[in-house]
file target24.cif (mmCIF, C-alpha atoms)
data_query
#
loop_
_atom_site.label_atom_id
_atom_site.label_comp_id
_atom_site.auth_asym_id
_atom_site.auth_seq_id
_atom_site.Cartn_x
_atom_site.Cartn_y
_atom_site.Cartn_z
CA MET A 1 5.58 121.07 104.91
CA VAL A 2 4.41 124.42 103.55
CA GLY A 3 0.81 123.25 103.79
CA ALA A 4 1.34 122.29 107.43
CA LEU A 5 2.78 125.74 108.16
CA LEU A 6 -0.19 127.47 106.55
CA LEU A 7 -2.78 125.30 108.30
CA PRO A 8 -2.90 127.23 111.63
CA LEU A 9 -2.75 130.58 109.83
CA GLY A 10 -5.32 130.35 107.06
CA GLY A 11 -7.33 127.18 107.64
CA TRP A 12 -7.40 123.90 105.77
CA ARG A 13 -8.58 125.21 102.39
CA PRO A 14 -5.67 127.60 101.67
CA ALA A 15 -3.24 125.08 103.13
CA LEU A 16 -4.58 122.26 100.95
CA ALA A 17 -4.60 124.45 97.81
CA THR A 18 -1.03 125.58 98.42
CA ALA A 19 0.12 122.01 99.07
CA VAL A 20 -1.50 120.78 95.84
CA ILE A 21 0.08 123.58 93.78
CA ILE A 22 3.53 122.89 95.22
CA ALA A 23 3.08 119.12 94.73
CA LEU A 24 2.16 119.62 91.07
CA ALA A 25 5.15 121.92 90.54
CA LEU A 26 7.52 119.45 92.22
CA GLY A 27 6.02 116.58 90.23
CA GLY A 28 6.54 118.40 86.94
CA TRP A 29 10.09 119.34 87.85
CA THR A 30 10.91 115.75 88.92
CA PHE A 31 9.39 114.35 85.72
CA GLY A 32 11.49 116.75 83.66
CA ARG A 33 14.66 115.71 85.48
CA ARG A 34 13.99 111.97 85.13
CA HIS A 35 12.60 112.01 81.58
CA PRO A 36 14.54 114.66 79.64
CA ARG A 37 13.81 112.92 76.33
CA ALA A 38 10.08 113.33 76.82
CA ILE A 39 10.53 117.03 77.53
CA ARG A 40 12.71 117.43 74.44
CA GLY A 41 10.06 115.59 72.43
CA LEU A 42 7.34 117.92 73.65
CA THR A 43 9.52 120.92 72.85
CA ALA A 44 10.23 119.61 69.34
CA SER A 45 6.52 118.98 68.79
CA ALA A 46 5.68 122.52 69.86
CA LYS A 47 8.31 123.91 67.49
CA SER A 48 6.93 121.78 64.67
CA LEU A 49 3.42 123.08 65.29
CA ALA A 50 4.75 126.65 65.38
CA ALA A 51 6.50 126.06 62.03
CA LEU A 52 3.12 125.19 60.46
CA VAL A 53 1.90 128.72 61.08
CA PRO A 54 2.43 130.80 57.91
CA PRO A 55 4.98 133.62 58.27
CA SER A 56 2.34 136.21 57.48
CA ALA A 57 0.36 135.12 60.56
CA ARG A 58 3.28 135.19 62.99
CA ILE A 59 3.71 138.08 65.39
CA SER A 60 7.18 139.62 65.49
CA ASN A 61 8.91 140.81 68.63
CA ARG A 62 8.25 144.38 67.59
CA GLY A 63 4.57 143.55 67.22
CA VAL A 64 4.44 142.08 70.71
CA GLN A 65 6.25 145.13 72.11
CA ALA A 66 3.80 147.45 70.36
CA VAL A 67 0.81 145.55 71.78
CA VAL A 68 2.28 145.65 75.30
CA ILE A 69 2.97 149.39 75.09
CA LEU A 70 -0.54 150.08 73.80
CA ALA A 71 -1.99 148.01 76.65
CA LEU A 72 0.06 149.97 79.20
CA LEU A 73 -1.04 153.27 77.69
CA ALA A 74 -4.70 152.22 77.78
CA ALA A 75 -4.54 150.89 81.36
CA PRO A 76 -5.81 154.12 83.05
CA LEU A 77 -8.99 153.87 80.99
CA THR A 78 -10.02 150.60 82.65
CA LEU A 79 -8.21 150.42 86.02
CA ASN A 80 -9.13 152.13 89.29
CA ASN A 81 -6.89 154.54 91.19
CA TYR A 82 -5.66 151.91 93.66
CA VAL A 83 -4.32 149.68 90.88
CA LEU A 84 -2.80 152.69 89.13
CA ASP A 85 -1.00 153.68 92.35
CA VAL A 86 0.46 150.18 92.62
CA LEU A 87 1.58 150.25 88.98
CA THR A 88 3.07 153.72 89.45
CA LEU A 89 5.15 152.37 92.33
CA ALA A 90 6.10 149.39 90.17
CA TRP A 91 7.44 151.70 87.41
CA LEU A 92 9.50 153.58 90.01
CA TYR A 93 11.05 150.33 91.17
CA VAL A 94 11.72 149.33 87.56
CA VAL A 95 13.88 152.45 87.23
CA LEU A 96 15.62 151.71 90.53
CA ALA A 97 16.26 148.07 89.65
CA LEU A 98 17.66 148.96 86.22
CA GLY A 99 20.00 151.47 87.83
CA LEU A 100 21.27 148.90 90.31
CA GLN A 101 21.62 146.40 87.47
CA THR A 102 24.28 148.63 85.91
CA THR A 103 26.35 148.42 89.09
CA VAL A 104 25.67 144.86 90.22
CA GLY A 105 24.60 143.05 87.06
CA LEU A 106 26.95 144.51 84.47
CA ALA A 107 29.98 145.56 86.50
CA GLY A 108 29.64 142.95 89.26
CA LEU A 109 30.00 145.52 92.08
CA LEU A 110 27.80 144.60 95.07
CA ASP A 111 26.16 147.81 96.30
CA LEU A 112 24.11 147.44 99.49
CA GLY A 113 23.72 151.20 99.92
CA TYR A 114 21.82 151.90 96.72
CA ALA A 115 18.84 153.42 98.53
CA SER A 116 21.14 156.27 99.63
CA PHE A 117 21.24 157.56 96.03
CA TYR A 118 17.46 157.21 95.91
CA ALA A 119 17.27 159.41 99.00
CA LEU A 120 19.73 161.96 97.63
CA GLY A 121 17.67 162.41 94.48
CA ALA A 122 14.43 162.79 96.44
CA TYR A 123 15.86 165.24 98.96
CA SER A 124 17.69 167.26 96.29
CA TYR A 125 14.44 167.92 94.50
CA ALA A 126 12.43 168.40 97.71
CA ILE A 127 14.84 171.06 99.00
CA ALA A 128 15.14 172.77 95.61
CA SER A 129 11.37 172.75 95.13
CA THR A 130 10.35 174.04 98.55
CA ARG A 131 13.10 176.63 98.97
CA LEU A 132 14.01 177.68 95.43
CA GLY A 133 10.79 176.93 93.54
CA VAL A 134 12.52 174.57 91.08
CA SER A 135 10.07 172.75 88.79
CA PHE A 136 9.81 168.99 88.44
CA TRP A 137 11.26 168.96 84.93
CA VAL A 138 14.35 170.83 86.12
CA GLY A 139 14.48 168.66 89.23
CA LEU A 140 14.82 165.44 87.19
CA PRO A 141 18.32 166.23 85.85
CA LEU A 142 19.18 167.95 89.13
CA GLY A 143 18.41 164.82 91.15
CA ALA A 144 20.25 162.64 88.63
CA LEU A 145 23.36 164.86 88.79
CA ALA A 146 23.33 165.03 92.61
CA SER A 147 23.09 161.24 92.94
CA ALA A 148 25.63 160.66 90.16
CA ALA A 149 28.12 162.96 91.91
CA CYS A 150 27.76 160.99 95.14
CA GLY A 151 28.03 157.74 93.19
CA LEU A 152 31.20 159.04 91.56
CA LEU A 153 32.63 159.89 94.98
CA LEU A 154 31.72 156.48 96.41
CA GLY A 155 33.20 154.75 93.37
CA MET A 156 36.49 156.60 93.79
CA ILE A 157 36.63 155.70 97.50
CA THR A 158 36.01 152.00 96.84
CA LEU A 159 38.32 151.56 93.85
CA ARG A 160 40.53 148.97 95.52
CA LEU A 161 37.70 147.08 97.19
CA ARG A 162 35.67 144.18 95.90
CA GLY A 163 33.35 141.46 97.15
CA ASP A 164 32.42 141.51 100.82
CA TYR A 165 34.62 144.53 101.60
CA LEU A 166 32.85 146.63 98.97
CA ALA A 167 29.46 145.54 100.33
CA ILE A 168 30.45 146.59 103.87
CA VAL A 169 31.59 150.03 102.71
CA THR A 170 28.37 150.66 100.76
CA LEU A 171 26.38 149.46 103.77
CA GLY A 172 28.22 152.03 105.90
CA PHE A 173 27.50 154.72 103.30
CA ILE A 174 23.72 154.27 103.52
CA GLN A 175 23.91 154.45 107.31
CA ILE A 176 25.84 157.72 107.06
CA VAL A 177 23.30 159.19 104.63
CA HIS A 178 20.41 158.12 106.87
CA LEU A 179 22.00 159.71 109.94
CA VAL A 180 22.62 162.95 108.02
CA LEU A 181 18.99 163.07 106.88
CA VAL A 182 17.73 162.48 110.42
CA ASN A 183 20.03 164.92 112.24
CA TRP A 184 20.59 167.82 109.81
CA ASP A 185 17.43 169.62 110.86
CA SER A 186 18.21 172.96 109.26
CA VAL A 187 18.34 171.41 105.77
CA THR A 188 16.38 168.16 105.82
CA ASN A 189 13.91 169.02 108.61
CA GLY A 190 15.10 165.92 110.47
CA PRO A 191 12.77 162.97 111.06
CA ASN A 192 9.73 165.15 110.25
CA GLY A 193 10.67 165.21 106.57
CA ILE A 194 9.81 167.84 103.97
CA LEU A 195 6.21 168.65 103.07
CA ASN A 196 4.60 170.37 100.07
CA VAL A 197 7.09 169.19 97.47
CA GLY A 198 6.20 170.55 94.02
CA ARG A 199 4.19 168.43 91.59
CA PRO A 200 4.88 168.22 87.85
CA GLN A 201 3.25 170.88 85.70
CA ILE A 202 2.52 171.01 81.99
CA GLY A 203 1.62 174.61 81.24
CA PRO A 204 -1.21 175.59 83.60
CA ILE A 205 -2.07 171.95 84.40
CA THR A 206 -0.67 170.43 87.61
CA LEU A 207 -0.36 166.64 87.49
CA THR A 208 -1.83 165.33 90.73
CA SER A 209 -4.18 162.46 89.90
CA PRO A 210 -3.06 158.79 89.81
CA PRO A 211 -3.61 158.40 86.03
CA GLN A 212 -1.46 161.46 85.32
CA PHE A 213 1.39 160.22 87.50
CA TYR A 214 1.02 156.77 86.00
CA TYR A 215 1.95 158.17 82.60
CA VAL A 216 4.87 160.18 84.00
CA THR A 217 6.47 157.20 85.74
CA LEU A 218 5.71 154.89 82.79
CA ALA A 219 7.56 157.26 80.45
CA VAL A 220 10.57 157.34 82.79
CA ALA A 221 10.55 153.53 83.09
CA LEU A 222 10.39 153.04 79.31
CA LEU A 223 13.25 155.51 78.89
CA ALA A 224 15.30 153.57 81.45
CA ILE A 225 14.61 150.29 79.62
CA VAL A 226 15.69 151.75 76.27
CA VAL A 227 18.85 153.37 77.65
CA ASN A 228 19.92 150.28 79.60
CA THR A 229 19.28 148.02 76.61
CA ARG A 230 21.51 150.21 74.45
CA LEU A 231 24.11 150.41 77.20
CA ARG A 232 24.34 146.62 77.51
CA ALA A 233 24.92 146.28 73.75
CA SER A 234 27.50 149.09 73.62
CA ARG A 235 31.26 148.93 74.07
CA ILE A 236 30.94 150.28 77.58
CA GLY A 237 28.42 147.59 78.48
CA ARG A 238 30.63 144.83 77.08
CA ALA A 239 33.61 146.23 78.95
CA LEU A 240 31.62 146.28 82.20
CA MET A 241 30.61 142.65 81.68
CA ALA A 242 34.26 141.78 81.04
CA ILE A 243 35.17 143.37 84.38
CA ARG A 244 32.37 141.40 86.03
CA ASP A 245 33.56 138.08 84.60
CA ASP A 246 37.31 138.54 85.09
CA GLU A 247 38.70 141.93 86.08
CA LEU A 248 42.34 140.87 85.75
CA ALA A 249 41.84 139.53 82.23
CA ALA A 250 39.88 142.63 81.23
CA GLU A 251 42.67 144.90 82.46
CA ALA A 252 45.26 142.76 80.65
CA VAL A 253 43.54 143.35 77.28
CA GLY A 254 43.36 147.11 77.79
CA VAL A 255 39.98 147.71 79.44
CA PRO A 256 40.22 150.80 81.71
CA THR A 257 38.79 149.04 84.74
CA THR A 258 39.27 151.93 87.17
CA ARG A 259 37.37 154.49 85.13
CA LEU A 260 34.61 152.06 84.16
CA LYS A 261 33.96 150.93 87.72
CA VAL A 262 33.56 154.55 88.80
CA LEU A 263 31.35 155.16 85.76
CA ALA A 264 29.17 152.18 86.72
CA PHE A 265 28.58 153.65 90.17
CA ALA A 266 27.73 157.05 88.69
CA LEU A 267 25.36 155.68 86.02
CA GLY A 268 23.51 153.48 88.48
CA ALA A 269 23.22 156.30 91.01
CA SER A 270 21.84 158.70 88.39
CA TRP A 271 18.82 156.47 87.75
CA ALA A 272 18.23 156.22 91.49
CA GLY A 273 18.23 160.02 91.61
CA VAL A 274 15.63 160.19 88.82
CA ALA A 275 13.42 157.71 90.69
CA GLY A 276 13.86 159.73 93.88
CA VAL A 277 12.64 162.91 92.17
CA CYS A 278 9.56 161.06 90.85
CA PHE A 279 8.89 159.64 94.32
CA ALA A 280 9.11 163.07 95.98
CA ALA A 281 6.83 164.64 93.38
CA ARG A 282 4.27 161.83 93.52
CA TYR A 283 3.76 161.91 97.29
CA ALA A 284 4.71 165.60 97.84
CA PHE A 285 6.56 164.45 100.95
CA VAL A 286 9.91 162.84 101.80
CA SER A 287 11.25 161.52 105.09
CA PRO A 288 14.30 159.46 106.13
CA GLU A 289 12.12 156.43 106.90
CA SER A 290 11.39 155.97 103.20
CA PHE A 291 15.04 155.30 102.36
CA THR A 292 16.38 152.58 104.65
CA PHE A 293 18.68 149.62 104.18
CA PHE A 294 15.62 147.44 103.61
CA GLU A 295 14.91 149.38 100.40
CA SER A 296 18.36 148.44 99.09
CA VAL A 297 17.66 144.78 99.89
CA VAL A 298 14.32 144.88 98.05
CA ILE A 299 15.87 146.48 94.97
CA LEU A 300 18.72 143.96 94.99
CA ALA A 301 16.15 141.15 95.21
CA MET A 302 14.48 142.54 92.08
CA VAL A 303 17.77 142.42 90.18
CA VAL A 304 18.56 138.88 91.35
CA LEU A 305 15.04 137.65 90.60
CA GLY A 306 14.98 139.16 87.12
CA GLY A 307 18.48 138.07 86.12
CA MET A 308 21.66 140.02 86.75
CA SER A 309 22.18 141.28 83.19
CA SER A 310 18.76 140.91 81.57
CA VAL A 311 17.05 144.28 81.16
CA MET A 312 13.55 142.93 80.59
CA GLY A 313 14.07 140.27 83.26
CA VAL A 314 14.99 142.90 85.85
CA ALA A 315 11.98 145.02 84.85
CA ALA A 316 9.73 141.96 85.21
CA GLY A 317 11.31 141.13 88.58
CA ALA A 318 10.60 144.64 89.86
CA VAL A 319 6.96 144.47 88.77
CA ILE A 320 6.51 141.02 90.32
CA ILE A 321 7.96 141.99 93.70
CA VAL A 322 5.80 145.13 93.87
CA VAL A 323 2.56 143.63 92.53
CA LEU A 324 2.63 140.12 94.02
CA PRO A 325 2.27 141.20 97.70
CA GLU A 326 -0.71 143.34 96.67
CA LEU A 327 -2.33 140.36 94.94
CA LEU A 328 -1.88 138.37 98.14
CA ARG A 329 -3.29 141.13 100.34
CA GLY A 330 -6.61 139.29 100.63
CA VAL A 331 -4.87 136.54 102.62
CA ASP A 332 -3.03 138.75 105.11
CA ASP A 333 -2.45 135.95 107.59
CA PHE A 334 0.07 134.14 105.42
CA ARG A 335 0.75 136.63 102.62
CA MET A 336 4.45 137.16 103.33
CA LEU A 337 4.98 133.46 104.01
CA ALA A 338 3.61 132.57 100.59
CA PHE A 339 5.59 135.39 98.99
CA GLY A 340 8.83 134.26 100.63
CA ALA A 341 8.19 130.64 99.65
CA ALA A 342 7.68 131.72 96.04
CA LEU A 343 11.02 133.58 96.01
CA VAL A 344 12.84 130.62 97.57
CA ALA A 345 11.32 128.25 95.01
CA MET A 346 12.31 130.61 92.21
CA MET A 347 15.92 130.71 93.35
CA ALA A 348 15.99 126.93 93.77
CA TRP A 349 14.63 126.12 90.32
CA ARG A 350 15.96 129.02 88.27
CA PRO A 351 18.91 130.58 90.11
CA GLU A 352 19.94 132.63 87.07
CA GLY A 353 16.70 134.61 87.34
CA LEU A 354 13.85 135.21 84.92
CA GLY A 355 16.17 136.45 82.20
CA ARG A 356 19.24 134.67 80.92
CA ARG A 357 22.73 135.90 81.65
CA ALA A 358 23.94 138.18 78.88
CA PRO A 359 26.61 136.41 76.77
CA MET A 360 29.91 138.03 76.05
CA GLY A 361 30.44 138.85 72.41
CA ARG A 362 31.62 141.40 69.92
CA ALA A 363 30.46 144.90 70.78
CA ARG A 364 28.68 147.02 68.24
CA GLY A 365 30.99 149.08 66.15
CA ALA A 366 34.03 147.08 67.25
#

call {"tool": "encode", "arguments": {"input": "target24.cif", "output": "structure tokens"}}
result
Amino acid sequence: MVGALLLPLGGWRPALATAVIIALALGGWTFGRRHPRAIRGLTASAKSLAALVPPSARISNRGVQAVVILALLAAPLTLNNYVLDVLTLAWLYVVLALGLQTTVGLAGLLDLGYASFYALGAYSYAIASTRLGVSFWVGLPLGALASAACGLLLGMITLRLRGDYLAIVTLGFIQIVHLVLVNWDSVTNGPNGILNVGRPQIGPITLTSPPQFYYVTLAVALLAIVVNTRLRASRIGRALMAIRDDELAAEAVGVPTTRLKVLAFALGASWAGVAGVCFAARYAFVSPESFTFFESVVILAMVVLGGMSSVMGVAAGAVIIVVLPELLRGVDDFRMLAFGAALVAMMAWRPEGLGRRAPMGRARGA
């Protein structure tokens, strides 16, 4: 069926190749469902072969992480500016997705207005930079605090709401923010946006080139990964997951659900504010059209694709959703069709996402 849909768009070769790939994937999945013993046998054989490798030759998780980080640091030495721009955008979305994961993945609070905090962080820095001369390094905590304050306010307003009602309120919030950005001309410059936003500076050096911004956003993304990993393993993270799984039971055993739900909104919004500051500094321009409801949907898709409570899964989901459309740019006629089909297949075969759901357990220090 997918091959038939692609036939009038891209010709018979792309349609045939896509049909063959999907047929092979479906065949493998069907074989695994009908012959689970064979799959278990193959898995056991692979484990047996891995056990033959001497311990001294095995690579630990820390070793793999070190290799990955070194590869990311060396990327600007081999990649062109276009690829670096795409990766810079991917690191920004990693930060955004990890922030939304705190609200949706850990606390279970569906936030469809997350891009509003992204906008607040970007506009806070843009206004402070163009009118007050605030530097980028001061703008980072400023944007985080501005977005966190709005997240705290939204969390307090929606304390008694959950599920669909909470989603509707957050959807209304992003519409309000968008209307304010478009119509408050004296502050936001309306639909024209704000130009000449300040770039980061290290001493006399102004960071303007793609490799320089690549390192800035990579550092912020790695910081977000470390902080969110520690948060998930902490008492607060375990309490948020308890609220997500059963709020009534969590409250019955003494978890302060009210305060933690507000805290989840504030923490998630603060990372959106940081990403907004980086976005404004990278492009030196912000406008309301960059922060629409569609942005919230894309970020939510990253969280769902990566796995609601898996930090590395969410980071991988963000990179995939940013990079995959660029890889398919050479086949513009059916690029989004193939991309959408890949997401649908992913949700059909692995609905829990790339990463596994975080298990409940004893918190550190408990």

call {"tool": "atom_distance", "arguments": {"input": "target24.cif", "atom1": "atom CA of A:Glu251", "atom2": "atom CA of A:Tyr165"}}
result
20.8 Å

call {"tool": "atom_distance", "arguments": {"input": "target24.cif", "atom1": "atom CA of A:Tyr114", "atom2": "atom CA of A:Val68"}}
result
29.7 Å

call {"tool": "resolve_selection", "arguments": {"input": "target24.cif", "expression": "the PyMOL selection byres ((chain A and resi 267-272) around 8)", "output": "ChimeraX atom specification"}}
result
/A:95-96,98-103,114-115,117-118,121,143-148,150-151,224,263-266,273-276

call {"tool": "closest_residue", "arguments": {"input": "target24.cif", "among": "A:Leu166, A:Leu92, A:Leu179, A:Leu153", "to": "A:Glu289", "atoms": "all atoms listed in the file"}}
result
A:Leu179

call {"tool": "resolve_selection", "arguments": {"input": "target24.cif", "expression": "the PyMOL selection byres ((chain A and resi 202) around 12)", "output": "VMD selection string"}}
result
chain A and resid 135 to 137 199 to 201 203 to 208 212 216

call {"tool": "residues_around", "arguments": {"input": "target24.cif", "residues": "A:Met302", "least_positions_apart": "2", "cutoff": "9 Å", "atoms": "only C-alpha atoms", "output": "list in words"}}
result
Tyr93, Val94, Ala97, Val297, Val298, Ile299, Leu300, Val304, Leu305, Gly306, Gly307, Val314, Ala315, Ala316, Gly317, Ala318, Val319, Ile320 and Ile321 of chain A

call {"tool": "write_last_selection", "arguments": {"input": "target24.cif", "atoms": "C-alpha atoms", "output": "PDB file, in the frame of the given file"}}
result
ATOM      1  CA  TYR A  93      11.050 150.330  91.170  1.00  0.00           C
ATOM      2  CA  VAL A  94      11.720 149.330  87.560  1.00  0.00           C
ATOM      3  CA  ALA A  97      16.260 148.070  89.650  1.00  0.00           C
ATOM      4  CA  VAL A 297      17.660 144.780  99.890  1.00  0.00           C
ATOM      5  CA  VAL A 298      14.320 144.880  98.050  1.00  0.00           C
ATOM      6  CA  ILE A 299      15.870 146.480  94.970  1.00  0.00           C
ATOM      7  CA  LEU A 300      18.720 143.960  94.990  1.00  0.00           C
ATOM      8  CA  VAL A 304      18.560 138.880  91.350  1.00  0.00           C
ATOM      9  CA  LEU A 305      15.040 137.650  90.600  1.00  0.00           C
ATOM     10  CA  GLY A 306      14.980 139.160  87.120  1.00  0.00           C
ATOM     11  CA  GLY A 307      18.480 138.070  86.120  1.00  0.00           C
ATOM     12  CA  VAL A 314      14.990 142.900  85.850  1.00  0.00           C
ATOM     13  CA  ALA A 315      11.980 145.020  84.850  1.00  0.00           C
ATOM     14  CA  ALA A 316       9.730 141.960  85.210  1.00  0.00           C
ATOM     15  CA  GLY A 317      11.310 141.130  88.580  1.00  0.00           C
ATOM     16  CA  ALA A 318      10.600 144.640  89.860  1.00  0.00           C
ATOM     17  CA  VAL A 319       6.960 144.470  88.770  1.00  0.00           C
ATOM     18  CA  ILE A 320       6.510 141.020  90.320  1.00  0.00           C
ATOM     19  CA  ILE A 321       7.960 141.990  93.700  1.00  0.00           C
TER      20      ILE A 321
END

call {"tool": "resolve_selection", "arguments": {"input": "target24.cif", "expression": "the PyMOL selection byres ((chain A and resi 167) around 10)", "output": "list in words"}}
result
Leu109, Leu110, Asp111, Leu112, Gly113, Thr158, Leu161, Arg162, Gly163, Asp164, Tyr165, Leu166, Ile168, Val169, Thr170, Leu171, Gly172 and Phe173 of chain A

call {"tool": "residues_near_point", "arguments": {"input": "target24.cif", "point": "(16.5, 163.0, 102.9)", "cutoff": "6 Å", "atoms": "all atoms listed in the file", "output": "VMD selection string"}}
result
chain A and resid 119 123 181 188 287 to 288

call {"tool": "closest_residue", "arguments": {"input": "target24.cif", "among": "A:Leu24, A:Leu89, A:Met308, A:Ala126", "to": "A:Ala284", "atoms": "all atoms listed in the file"}}
result
A:Ala126

call {"tool": "atom_distance", "arguments": {"input": "target24.cif", "atom1": "atom CA of A:Ile176", "atom2": "atom CA of A:Val286"}}
result
17.5 Å

call {"tool": "closest_residue", "arguments": {"input": "target24.cif", "among": "A:Ile174, A:Leu72, A:Ala249, A:Ala242", "to": "A:Leu84", "atoms": "all atoms listed in the file"}}
result
A:Leu72

call {"tool": "decode", "arguments": {"input": "target24.cif", "residues": "stretch 233-252 of chain A", "atoms": "N, CA and C atoms", "output": "short mmCIF file (atom, residue, chain, number, x, y, z; two decimals), in the first residue's frame"}}
result
data_model
loop_
_atom_site.label_atom_id
_atom_site.label_comp_id
_atom_site.auth_asym_id
_atom_site.auth_seq_id
_atom_site.Cartn_x
_atom_site.Cartn_y
_atom_site.Cartn_z
N ALA A 233 16.62 9.95 39.06
CA ALA A 233 17.06 9.02 40.09
C ALA A 233 16.90 9.58 41.50
N SER A 234 16.50 10.84 41.63
CA SER A 234 16.39 11.47 42.94
C SER A 234 15.03 11.19 43.58
N ARG A 235 14.87 11.65 44.81
CA ARG A 235 13.59 11.49 45.49
C ARG A 235 12.48 12.26 44.78
N ILE A 236 12.83 13.44 44.29
CA ILE A 236 11.82 14.24 43.59
C ILE A 236 11.37 13.52 42.33
N GLY A 237 12.32 12.95 41.58
CA GLY A 237 11.96 12.22 40.38
C GLY A 237 11.09 11.02 40.67
N ARG A 238 11.41 10.27 41.72
CA ARG A 238 10.59 9.11 42.08
C ARG A 238 9.20 9.55 42.54
N ALA A 239 9.15 10.66 43.23
CA ALA A 239 7.83 11.16 43.66
C ALA A 239 6.99 11.60 42.46
N LEU A 240 7.64 12.24 41.47
CA LEU A 240 6.91 12.63 40.27
C LEU A 240 6.39 11.42 39.51
N MET A 241 7.19 10.36 39.44
CA MET A 241 6.74 9.15 38.75
C MET A 241 5.61 8.48 39.53
N ALA A 242 5.63 8.59 40.87
CA ALA A 242 4.53 8.06 41.66
C ALA A 242 3.24 8.81 41.37
N ILE A 243 3.34 10.13 41.22
CA ILE A 243 2.16 10.92 40.86
C ILE A 243 1.66 10.52 39.48
N ARG A 244 2.57 10.31 38.56
CA ARG A 244 2.20 9.90 37.21
C ARG A 244 1.45 8.57 37.21
N ASP A 245 1.92 7.60 37.99
CA ASP A 245 1.33 6.27 37.98
C ASP A 245 0.01 6.21 38.75
N ASP A 246 -0.06 6.88 39.89
CA ASP A 246 -1.30 6.87 40.69
C ASP A 246 -1.23 8.03 41.67
N GLU A 247 -1.85 9.15 41.31
CA GLU A 247 -1.77 10.34 42.14
C GLU A 247 -2.43 10.14 43.50
N LEU A 248 -3.56 9.44 43.54
CA LEU A 248 -4.25 9.22 44.80
C LEU A 248 -3.42 8.38 45.76
N ALA A 249 -2.80 7.32 45.24
CA ALA A 249 -1.95 6.48 46.08
C ALA A 249 -0.72 7.25 46.56
N ALA A 250 -0.14 8.07 45.68
CA ALA A 250 1.02 8.86 46.07
C ALA A 250 0.67 9.83 47.19
N GLU A 251 -0.48 10.48 47.07
CA GLU A 251 -0.89 11.41 48.12
C GLU A 251 -1.18 10.68 49.42
N ALA A 252 -1.69 9.44 49.33
CA ALA A 252 -2.03 8.68 50.53
C ALA A 252 -0.77 8.29 51.33
#
